[in-house]
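In what follows, a structure is listed as C-alpha cells, so that the remarks can point back to it.
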Amino acid sequence: MFSQSRNSKGSLGLNVAAAAVLLVGSAAHAADHFTLTAYTNSLAGNSLVHGKYELAIDQLSLDAHSLASESVSTNRCVALIVTRKFDEAKSACNDAVSAAQQELAGLPISQSYARQDYRQYLASAYSNRAVLSYLLNDKTGAQVDLQKAEAVAPKDNTVASNVTALQSHDAVAQVSIAQTKQR
C-alpha cells in the first residue's frame with residue numbers, strides 16, 4: 001500500500017512514500033488480524049513501528065510541539081492501544097478522529113488536490129478507533145467506525161483488511177501496526 005507523506009507542522013507539500021508494512025504476522029495473514037496505522041514522521045512513530053511502545057508514549061510529548069495534531073493523536077491512540085491502556089486510548093483515538101476531521105474541513109480550496117490524502121488520514125483514525133472498539137468488545141462501535149472509514153476512503157487497503165478481520169471468526173484481537181508517513 002502506498003500512503004502520503006506529510007512533513008512537519010505547517011508544511012503543505014505531500015510526497016508519496018511506501019508504507020503499511022505489517023509488523024506482526026505476514027501479509028498472507030492480513031485478513032486474520034487487525035492493523036493499526038501509525039505515522040513514522042517522528043521519533044515516537046519510529047519507536048512505535050519498532051515495538052518500543054512505552055518509549056513512544058514518552059516521546060509523544062516532544063512530537064506535540066513539532067507535528068500536526070492528527071499525527072500526534074493518532075500515534076498516541078496506537079501506542080495506548082498496544083500497551084492496553086484502553087481508557088486513555090479512548091480519549092486519544094477520539095482526539096485523532098476530531099483532529100483529522102478538522103484538518104479535512106479546514107483544507108483551503110487552493111489545496112483541493114490534497115483532499116483525498118486528508119480523507120486517508122481520517123480513515124486511518126476511524127480504523128484505529130474501530131480496532132480499539134473491537135478490543136473493548138464493542139463490535140457495533142467497531143462496525144460504525146469502519147463504515148465511516150470506508151465512506152471516507154473506499155479504496156484503503158488497511159480499512160478493507162480491518163473490515164475483513166472484524167467479519168472473520170479468526171480475528172481474536174491479533175493486532176499489528178501499519179506504518180505511514182505524515183506531515
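Residue numbering restarts at 1 in every chain; chains get A, B, ... in the order shown in the C-alpha cells, and ligands count up from 1 in that same order.
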*Please identify all polymer residues within 12 Å of Arg115 in chain A, counting only C-alpha atoms, omitting same-chain residues fewer than 3 positions from it, and present them as an MDAnalysis selection string.*
chainID A and resid 4 14 100:101 103:112 118:122 152:153
Where in range 25-181 of chain A does DSSP assign strand (DSSP E or B), given as a short mmCIF file (atom, residue, chain, number, x, y, z; two decimals) with C-alpha atoms, in the first residue's frame?
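Result file part08.cif:
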data_model
loop_
_atom_site.label_atom_id
_atom_site.label_comp_id
_atom_site.auth_asym_id
_atom_site.auth_seq_id
_atom_site.Cartn_x
_atom_site.Cartn_y
_atom_site.Cartn_z
CA PHE A 34 -6.45 -6.08 12.73
CA THR A 35 -3.97 -3.45 11.65
CA LEU A 36 -3.34 -0.14 13.37
CA THR A 37 -1.89 2.77 11.41
CA ALA A 38 0.85 4.92 12.90
CA TYR A 39 2.80 7.79 11.36
CA VAL A 175 -3.24 -6.53 16.16
CA SER A 176 -0.37 -5.24 14.06
CA ILE A 177 0.76 -1.75 13.19
CA ALA A 178 1.00 -0.37 9.69
CA GLN A 179 3.39 2.49 9.27
CA THR A 180 2.85 5.54 7.16
#
_Could you pull out the helix (DSSP H, G or I) residues of range 65-182 of chain A, going by DSSP on the backbone, and write them as a VMD selection string?_
chain A and resid 69 to 82 86 to 105 109 to 135 139 to 152 157 to 167
_For Leu48 in chain A, the nearest of the candidates A:Lys90, A:Arg84, A:Arg76, A:Lys155, counting only C-alpha atoms_ =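 Result for the nearest residue to Leu48 in chain A: A:Arg76.
When only C-alpha atoms are used to measure the gap to Ser91 in chain A, the shortest distance among A:Ser61, A:Ser127, A:Thr140, A:Thr74 belongs to A:Thr74.
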*Pick out the residues sitting within 12 Å of Ala89 in chain A, and hand them over as a PyMOL selection string; count only C-alpha atoms, and ignore anything fewer than 4 positions along from it in its own chain.*
chain A and resi 57+73-85+93-96+128-133+135-136
Output file for the residues above (N, CA and C atoms, as a JSON list (two decimals), in the first residue's frame):
[["chain", "number", "residue", "atom", "x", "y", "z"],
["A", 57, "ILE", "N", 5.32, 6.48, 23.86],
["A", 57, "ILE", "CA", 4.42, 7.28, 24.70],
["A", 57, "ILE", "C", 5.19, 8.45, 25.31],
["A", 73, "SER", "N", -1.98, 12.66, 17.81],
["A", 73, "SER", "CA", -3.14, 11.96, 18.38],
["A", 73, "SER", "C", -3.25, 10.53, 17.86],
["A", 74, "THR", "N", -3.01, 10.35, 16.58],
["A", 74, "THR", "CA", -3.08, 9.01, 16.01],
["A", 74, "THR", "C", -2.01, 8.10, 16.61],
["A", 75, "ASN", "N", -0.79, 8.60, 16.71],
["A", 75, "ASN", "CA", 0.27, 7.79, 17.30],
["A", 75, "ASN", "C", 0.02, 7.52, 18.78],
["A", 76, "ARG", "N", -0.52, 8.49, 19.49],
["A", 76, "ARG", "CA", -0.86, 8.27, 20.90],
["A", 76, "ARG", "C", -1.94, 7.19, 21.00],
["A", 77, "CYS", "N", -2.94, 7.27, 20.15],
["A", 77, "CYS", "CA", -4.01, 6.26, 20.11],
["A", 77, "CYS", "C", -3.41, 4.86, 19.93],
["A", 78, "VAL", "N", -2.54, 4.71, 18.94],
["A", 78, "VAL", "CA", -1.93, 3.41, 18.65],
["A", 78, "VAL", "C", -1.08, 2.93, 19.83],
["A", 79, "ALA", "N", -0.24, 3.81, 20.36],
["A", 79, "ALA", "CA", 0.65, 3.42, 21.47],
["A", 79, "ALA", "C", -0.17, 2.97, 22.68],
["A", 80, "LEU", "N", -1.23, 3.67, 22.97],
["A", 80, "LEU", "CA", -2.05, 3.31, 24.14],
["A", 80, "LEU", "C", -2.85, 2.04, 23.91],
["A", 81, "ILE", "N", -3.26, 1.79, 22.67],
["A", 81, "ILE", "CA", -3.96, 0.54, 22.37],
["A", 81, "ILE", "C", -3.02, -0.64, 22.58],
["A", 82, "VAL", "N", -1.82, -0.57, 21.99],
["A", 82, "VAL", "CA", -0.93, -1.73, 22.07],
["A", 82, "VAL", "C", -0.37, -1.94, 23.48],
["A", 83, "THR", "N", -0.39, -0.90, 24.31],
["A", 83, "THR", "CA", 0.03, -1.08, 25.70],
["A", 83, "THR", "C", -1.17, -1.37, 26.60],
["A", 84, "ARG", "N", -2.32, -1.53, 25.98],
["A", 84, "ARG", "CA", -3.56, -1.92, 26.65],
["A", 84, "ARG", "C", -4.01, -0.90, 27.70],
["A", 85, "LYS", "N", -3.72, 0.35, 27.47],
["A", 85, "LYS", "CA", -4.19, 1.45, 28.33],
["A", 85, "LYS", "C", -5.46, 2.00, 27.68],
["A", 93, "CYS", "N", -7.88, 8.28, 20.74],
["A", 93, "CYS", "CA", -8.47, 7.90, 19.46],
["A", 93, "CYS", "C", -9.57, 8.89, 19.06],
["A", 94, "ASN", "N", -10.37, 9.32, 20.03],
["A", 94, "ASN", "CA", -11.38, 10.35, 19.74],
["A", 94, "ASN", "C", -10.72, 11.65, 19.30],
["A", 95, "ASP", "N", -9.61, 12.01, 19.95],
["A", 95, "ASP", "CA", -8.86, 13.21, 19.57],
["A", 95, "ASP", "C", -8.31, 13.07, 18.15],
["A", 96, "ALA", "N", -7.84, 11.89, 17.80],
["A", 96, "ALA", "CA", -7.29, 11.67, 16.46],
["A", 96, "ALA", "C", -8.37, 11.84, 15.39],
["A", 128, "ASN", "N", -8.36, 2.95, 13.32],
["A", 128, "ASN", "CA", -7.70, 2.69, 14.60],
["A", 128, "ASN", "C", -8.71, 2.65, 15.74],
["A", 129, "ARG", "N", -9.64, 3.60, 15.73],
["A", 129, "ARG", "CA", -10.65, 3.63, 16.79],
["A", 129, "ARG", "C", -11.55, 2.40, 16.72],
["A", 130, "ALA", "N", -11.78, 1.90, 15.52],
["A", 130, "ALA", "CA", -12.58, 0.67, 15.36],
["A", 130, "ALA", "C", -11.87, -0.52, 16.00],
["A", 131, "VAL", "N", -10.56, -0.60, 15.84],
["A", 131, "VAL", "CA", -9.80, -1.68, 16.47],
["A", 131, "VAL", "C", -9.93, -1.59, 17.99],
["A", 132, "LEU", "N", -9.82, -0.39, 18.53],
["A", 132, "LEU", "CA", -10.00, -0.21, 19.97],
["A", 132, "LEU", "C", -11.39, -0.66, 20.40],
["A", 133, "SER", "N", -12.40, -0.27, 19.65],
["A", 133, "SER", "CA", -13.77, -0.68, 19.99],
["A", 133, "SER", "C", -13.90, -2.19, 20.01],
["A", 135, "LEU", "N", -11.51, -4.36, 20.59],
["A", 135, "LEU", "CA", -10.79, -4.87, 21.76],
["A", 135, "LEU", "C", -11.57, -4.64, 23.05],
["A", 136, "LEU", "N", -12.45, -3.64, 23.04],
["A", 136, "LEU", "CA", -13.30, -3.36, 24.20],
["A", 136, "LEU", "C", -14.65, -4.08, 24.11]]
*Residues near Lys148 in chain A, cut-off 8 Å, only C-alpha atoms, skip fewer than 3 positions along chain, as a VMD selection string*: chain A and resid 123 126 144 to 145 151 to 152
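Using only C-alpha atoms, the shortest contact distance between Pro154 in chain A and any of A:Gln102, A:Ser124, A:Ser47, A:Ser71 is found at A:Ser124.
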